[in-house]
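Only one structure is covered here, and it is reproduced in the block below.
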There are 2 protein chains.
Amino acid sequence: MIDAKTIFEPQTVALIGSSTLREKVGMASPELFNDVIFNMKRCFKGKNLVIDVGDREFKREDLHEIPDLAVIMLSPDKSIQVAEECAGIGVKILLLITGGYKQSQREQLLELKRKHGIRILGPNTIMGVINTSNGLNTSFERGLMPKKGNIAVVSQSGGVGSCLLDWACYYGVGISKFAFVGDKVDIDDVDLLQYLGNDDKTKVICLYMEGVKDGRRFIEETRKIAGNKPILVLKGGTTQESAQRAKTHTASIAGSDEVFDAAFRKAGLIRVCDAEELMNSAMALAKQPVLWGDNVAIVSNVGGPAILAADAVVRNGLKLAQLSKTVRKKIEGLYVGVDAANPIDLIADARAERYEKVLNLVLGDVRVDGVLVINMLKSTFFEPRDARVIEKVAVKYPQKPVVDVPAGGEDFAKVFKVLGRSSIPVYNLPEKAACALSALRRYGLVVKKH
Amino acid sequence: MIDAKTIFEPQTVALIGSSTLREKVGMASPELFNDVIFNMKRCFKGKNLVIDVGDREFKREDLHEIPDLAVIMLSPDKSIQVAEECAGIGVKILLLITGGYKQSQREQLLELKRKHGIRILGPNTIMGVINTSNGLNTSFERGLMPKKGNIAVVSQSGGVGSCLLDWACYYGVGISKFAFVGDKVDIDDVDLLQYLGNDDKTKVICLYMEGVKDGRRFIEETRKIAGNKPILVLKGGTTQESAQRAKTHTASIAGSDEVFDAAFRKAGLIRVCDAEELMNSAMALAKQPVLWGDNVAIVSNVGGPAILAADAVVRNGLKLAQLSKTVRKKIEGLYVGVDAANPIDLIADARAERYEKVLNLVLGDVRVDGVLVINMLKSTFFEPRDARVIEKVAVKYPQKPVVDVPAGGEDFAKVFKVLGRSSIPVYNLPEKAACALSALRRYGLVVKKH
């Protein structure tokens, strides 16, 4: 196992680039160099050593101190020269941001590893790594830093990683670590996953992958991790044509999709269909307990969206909970006109008090394993602040997940302002909430089997 | 066929409610009455007659003029008394906002229809109807009015309709007409669809339904319309349990999902899975030509999202276009390092000029039927204003649809500001764009068959 800890938790980082040289291919540029310096100076709690090589050659005397991690933002030939110097003085990890390396240059890097024991992340990592705990942020998107949280992301693709990072920042998804693995000349995703598996700041791991170098190792190692914390995986290159493309894109061996699917199941990884499902499922797993059974209750202040939720619950392999008779009777006794057959329709005039009483009864029912709450604002009397009661009740039942759906556009935005930072995951459509519950169920089954 | 024109295009509307009476069930309340008056006074270009009955009985003398449309916001028994007076003086259409009617009361309404020829929308329409052309807006959400456009929405459910209305307003989806059919004691969705089929302000029709009263009529009539303009349908109650629920919810006969699926296919309706897909597909159909063949080209400035797009294109039954050799060579000759195998990777430094040249070549290729463009901002040099070039090129190829994906959160929001009101539909993930293209393809096949 490599010392991946140094990648995310270095004491001293050298940022090595040039404020004068611009390379068309591979994205070495004075602006990007400047942006990484900006982000690191603004966020990083350790020590930054900034080395601007200008148009001269890098010398080891440029470093007044030996950094744990050297981040290199130069063209391939210049990067290799810097790498050689760094390896010679005992730098532990090289992070190579830029791309465009020839095969011979990759071999030069590996030779440095063999000779000096230095380890290499990249090249072509694009955004590099982010650690929200110590402020490490080698991305060149000025000012971009996700909210602190317990979801880690590892991406084999710069573009998908950037999309996920952008998504996480925009929608306030709490992130622990973020890593772009790049061309994987040395350190690969499994190395990073092993570190994240032991990282107590990380509760859920998200992986975007296109292929693997060593399938057996991938399954064995991810399986060990998946017993302790969920790994969600989005796989690119699922069709023959796109797999061919993925092969040239990240130099990965892409097998048939069925093979990957079987491997993911064997390892206990939870596969998702797109970036939104990845983030939505991660949010559910980060905030809520797993679903220990199939039985979902739907509690709503509107009829139609509850029916769509019921459809989606069943489509996701879950069941509509059959409430016990006593609970049904209690609910219907409390509120005239409320039909407590699941989905439970609280009617449009339901406010916090009705949600609180009914959620308490429903979550207390042994026949219910989890609850999908719908609280629209449009066409109802519900106010955004009423949503607080959902968390208030949910925390009393730590074995049963609760997710919330203020369905729509503005309605979602308003309730998200109230619940976005709470322990209740919020989704803008019932179908997305049902899908998140299915991730909680799938991980529940992984844990049971482990 | 009923005179549905009067529902959406009345000259004079009577708003009849009470500023003093409050009914717990059915949502008759002074506030809602006030809100409808507010919306109508603010928006409606015709004549509003506001009749506040207070706690007395409505008399026909309250109306100084005979309205085409009477909107009644009173409890069932009071509404029926008003309905009788309106029917007697020749009002054409009654719109009954409130719910809670007994079967005997529904029959009283139908008796009025038989006797006087008055037609009834509702009861329980919740939001009633909206026409963005003449400002008719009987919804009680103060100030809520979607942007003018050519998408019509008909909803059997108040909750789903409210969610769609909220979505349309929040995401700037251009709407022509919006109708909540409510309990369908008289006028039903098919009546409204017939009107919308002939409405020159409407290009695309969206329908949320849970069931039908007359399956044969539904298929026959929607089939006629679907030959001229696309009808997208979201069906609630697709599982046995939820179908049972839908039956009590909207008093519709819900058959098995397979029967509905076959019916939709027979009629040429395009079925979607959730409210977002409904709005996304409608946007594509409203803004772009249909897809006349299966061959989709992907033009992107990032690798991974293009691979996810390729996966989604194939998953949606479409194909990755095989570009002709000359076009491939031309593109690769223009830009060193650009790989013009589909997906076409323009590389991270692509700006407007490169997109313009390549899109022209790709859209000009007979082997390409439509294009999915990806232009991320994060990790690339692309600027939001560069996106304008996509529309500039697309309009030159009116037979080939083009959709755009600035994948992510902030990236999407920034490009949406530039393209949101243009003819290019914009999606926040490649999977959603591929799904929208599949709606364009499915409607292309409907048109060919007709």
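Chain identifiers are assigned as A, B, and so on, following the order in which chains appear in the structure tokens; residues are numbered from 1 within each chain, and ligands are numbered from 1 in order of appearance.
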
Contacts from chain A to chain B, 6 Å maximum, only C-alpha atoms: show me the residue list as number ranges by chain.
A: 157, 159-160, 162-163, 166-167, 170, 236-239, 242, 302, 304-305, 307-308, 310-311, 378, 407-410

Next, write the just-selected residues to a file, as a PDB file, in the first residue's frame, keeping C-alpha atoms as the atom set.
```pdb
ATOM      1  CA  SER A 157     -11.803  11.636 -15.840  1.00  0.00           C
ATOM      2  CA  GLY A 159     -14.229  16.321 -17.195  1.00  0.00           C
ATOM      3  CA  VAL A 160     -16.515  14.121 -15.092  1.00  0.00           C
ATOM      4  CA  SER A 162     -14.978  18.744 -12.788  1.00  0.00           C
ATOM      5  CA  CYS A 163     -18.686  18.225 -13.356  1.00  0.00           C
ATOM      6  CA  ASP A 166     -19.093  21.875  -9.833  1.00  0.00           C
ATOM      7  CA  TRP A 167     -22.256  19.999  -8.841  1.00  0.00           C
ATOM      8  CA  TYR A 170     -23.365  24.477  -6.450  1.00  0.00           C
ATOM      9  CA  GLY A 236     -18.354   5.351 -18.289  1.00  0.00           C
ATOM     10  CA  GLY A 237     -17.966   3.334 -21.486  1.00  0.00           C
ATOM     11  CA  THR A 238     -20.822   0.888 -21.078  1.00  0.00           C
ATOM     12  CA  THR A 239     -21.441   0.318 -24.760  1.00  0.00           C
ATOM     13  CA  SER A 242     -18.042   4.251 -26.009  1.00  0.00           C
ATOM     14  CA  VAL A 302     -50.556  16.193  -2.302  1.00  0.00           C
ATOM     15  CA  GLY A 304     -50.471  12.933  -7.585  1.00  0.00           C
ATOM     16  CA  PRO A 305     -46.802  13.279  -6.596  1.00  0.00           C
ATOM     17  CA  ILE A 307     -48.660   8.251  -6.616  1.00  0.00           C
ATOM     18  CA  LEU A 308     -45.557   8.980  -8.714  1.00  0.00           C
ATOM     19  CA  ALA A 310     -45.266   4.972  -5.097  1.00  0.00           C
ATOM     20  CA  ASP A 311     -44.586   4.036  -8.724  1.00  0.00           C
ATOM     21  CA  LYS A 378     -47.602  25.322  -4.298  1.00  0.00           C
ATOM     22  CA  ALA A 407     -41.302  18.622  -5.548  1.00  0.00           C
ATOM     23  CA  GLY A 408     -40.617  21.281  -8.157  1.00  0.00           C
ATOM     24  CA  GLY A 409     -38.368  24.242  -8.838  1.00  0.00           C
ATOM     25  CA  GLU A 410     -38.952  27.157  -6.461  1.00  0.00           C
TER      26      GLU A 410
END
```

Could you go through range 13-58 of chain A and tell me which residues DSSP, when run on the backbone, assigns to helix (DSSP H, G or I), listing them as a VMD selection string?
chain A and resid 30 to 43

Do a neighbour search on Gly143 in chain A at 9 Å with only C-alpha atoms, toss out local chain neighbours closer than 6 positions, and write the hits as a PyMOL selection string.
chain A and resi 35+38-39+42

Could you work out how far CA of Val82 in chain A lies from CA of Ala70 in chain A, giving the answer in Å with one decimal?
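That distance, rounded to one decimal, is 9.3 Å.
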
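Neighbouring residues of Lys78 in chain A at 9 Å or closer, counting only C-alpha atoms and skipping chain neighbours under 5 positions away, are A:Glu57, A:Phe58, A:Ala83.
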
Selection to disk with all heavy atoms, as a short mmCIF file (atom, residue, chain, number, x, y, z; two decimals), in the first residue's frame:
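What follows is the written file selection.cif:
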```
data_model
loop_
_atom_site.label_atom_id
_atom_site.label_comp_id
_atom_site.auth_asym_id
_atom_site.auth_seq_id
_atom_site.Cartn_x
_atom_site.Cartn_y
_atom_site.Cartn_z
N GLU A 57 15.88 26.74 -15.87
CA GLU A 57 15.73 25.38 -15.40
C GLU A 57 15.55 25.35 -13.88
O GLU A 57 16.09 26.19 -13.16
CB GLU A 57 16.99 24.58 -15.77
CG GLU A 57 16.76 23.09 -15.74
CD GLU A 57 17.83 22.35 -16.55
OE1 GLU A 57 18.90 22.09 -15.97
OE2 GLU A 57 17.59 22.04 -17.74
N PHE A 58 14.77 24.40 -13.40
CA PHE A 58 14.56 24.23 -11.97
C PHE A 58 15.83 23.64 -11.33
O PHE A 58 16.46 22.76 -11.89
CB PHE A 58 13.39 23.28 -11.75
CG PHE A 58 13.17 22.88 -10.30
CD1 PHE A 58 12.48 23.70 -9.43
CD2 PHE A 58 13.70 21.68 -9.82
CE1 PHE A 58 12.29 23.32 -8.11
CE2 PHE A 58 13.51 21.30 -8.49
CZ PHE A 58 12.80 22.13 -7.64
N ALA A 83 10.93 16.62 -11.73
CA ALA A 83 10.67 15.36 -11.03
C ALA A 83 11.98 14.70 -10.61
O ALA A 83 12.11 14.18 -9.50
CB ALA A 83 9.84 14.43 -11.91
#
```

Quick one: pull the distance between CA of Phe178 in chain A and CA of Ile37 in chain A, Å, one decimal.
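So the answer is 17.9 Å.
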
Once DSSP has gone over the backbone, tell me which residues of range 281-389 of chain B are in strand (DSSP E), as a ChimeraX atom specification.
/B:295-300,319-320,344-345,370-374

Written file, previous selection with N, CA and C atoms, as an mmCIF file, in the first residue's frame:
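Below you can see again_27.cif, which holds the result:
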```cif
data_model
loop_
_atom_site.group_PDB
_atom_site.id
_atom_site.type_symbol
_atom_site.label_atom_id
_atom_site.label_comp_id
_atom_site.auth_asym_id
_atom_site.auth_seq_id
_atom_site.Cartn_x
_atom_site.Cartn_y
_atom_site.Cartn_z
ATOM 1 N N ASN B 295 -28.733 8.674 -36.033
ATOM 2 C CA ASN B 295 -27.291 8.928 -35.904
ATOM 3 C C ASN B 295 -26.948 10.247 -35.233
ATOM 4 N N VAL B 296 -26.403 10.140 -34.033
ATOM 5 C CA VAL B 296 -26.107 11.318 -33.216
ATOM 6 C C VAL B 296 -24.597 11.525 -33.140
ATOM 7 N N ALA B 297 -24.178 12.753 -33.388
ATOM 8 C CA ALA B 297 -22.771 13.106 -33.179
ATOM 9 C C ALA B 297 -22.644 13.851 -31.859
ATOM 10 N N ILE B 298 -21.548 13.580 -31.151
ATOM 11 C CA ILE B 298 -21.290 14.261 -29.882
ATOM 12 C C ILE B 298 -20.052 15.130 -30.067
ATOM 13 N N VAL B 299 -20.203 16.425 -29.785
ATOM 14 C CA VAL B 299 -19.089 17.372 -29.929
ATOM 15 C C VAL B 299 -18.829 17.979 -28.557
ATOM 16 N N SER B 300 -17.628 17.754 -28.018
ATOM 17 C CA SER B 300 -17.382 18.081 -26.613
ATOM 18 C C SER B 300 -16.003 18.694 -26.392
ATOM 19 N N LYS B 319 -27.929 5.853 -32.131
ATOM 20 C CA LYS B 319 -26.604 5.358 -32.516
ATOM 21 C C LYS B 319 -25.588 6.486 -32.517
ATOM 22 N N LEU B 320 -24.323 6.113 -32.340
ATOM 23 C CA LEU B 320 -23.257 7.092 -32.528
ATOM 24 C C LEU B 320 -22.993 7.190 -34.029
ATOM 25 N N ILE B 344 -16.538 13.507 -30.654
ATOM 26 C CA ILE B 344 -15.460 14.368 -31.127
ATOM 27 C C ILE B 344 -14.940 15.221 -29.979
ATOM 28 N N ASP B 345 -13.671 15.017 -29.657
ATOM 29 C CA ASP B 345 -13.076 15.723 -28.512
ATOM 30 C C ASP B 345 -12.349 16.968 -29.012
ATOM 31 N N GLY B 370 -28.322 14.428 -35.931
ATOM 32 C CA GLY B 370 -28.486 15.404 -34.857
ATOM 33 C C GLY B 370 -27.218 15.465 -34.021
ATOM 34 N N VAL B 371 -27.085 16.540 -33.225
ATOM 35 C CA VAL B 371 -25.840 16.734 -32.484
ATOM 36 C C VAL B 371 -26.106 17.032 -31.007
ATOM 37 N N LEU B 372 -25.352 16.351 -30.152
ATOM 38 C CA LEU B 372 -25.340 16.633 -28.726
ATOM 39 C C LEU B 372 -24.025 17.353 -28.424
ATOM 40 N N VAL B 373 -24.144 18.628 -28.066
ATOM 41 C CA VAL B 373 -22.953 19.438 -27.791
ATOM 42 C C VAL B 373 -22.686 19.448 -26.287
ATOM 43 N N ILE B 374 -21.438 19.281 -25.907
ATOM 44 C CA ILE B 374 -21.050 19.434 -24.499
ATOM 45 C C ILE B 374 -20.040 20.571 -24.426
#
```

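One distance worth recording is that between CA of Gly117 in chain A and CA of Ile219 in chain A, which is 26.3 Å.
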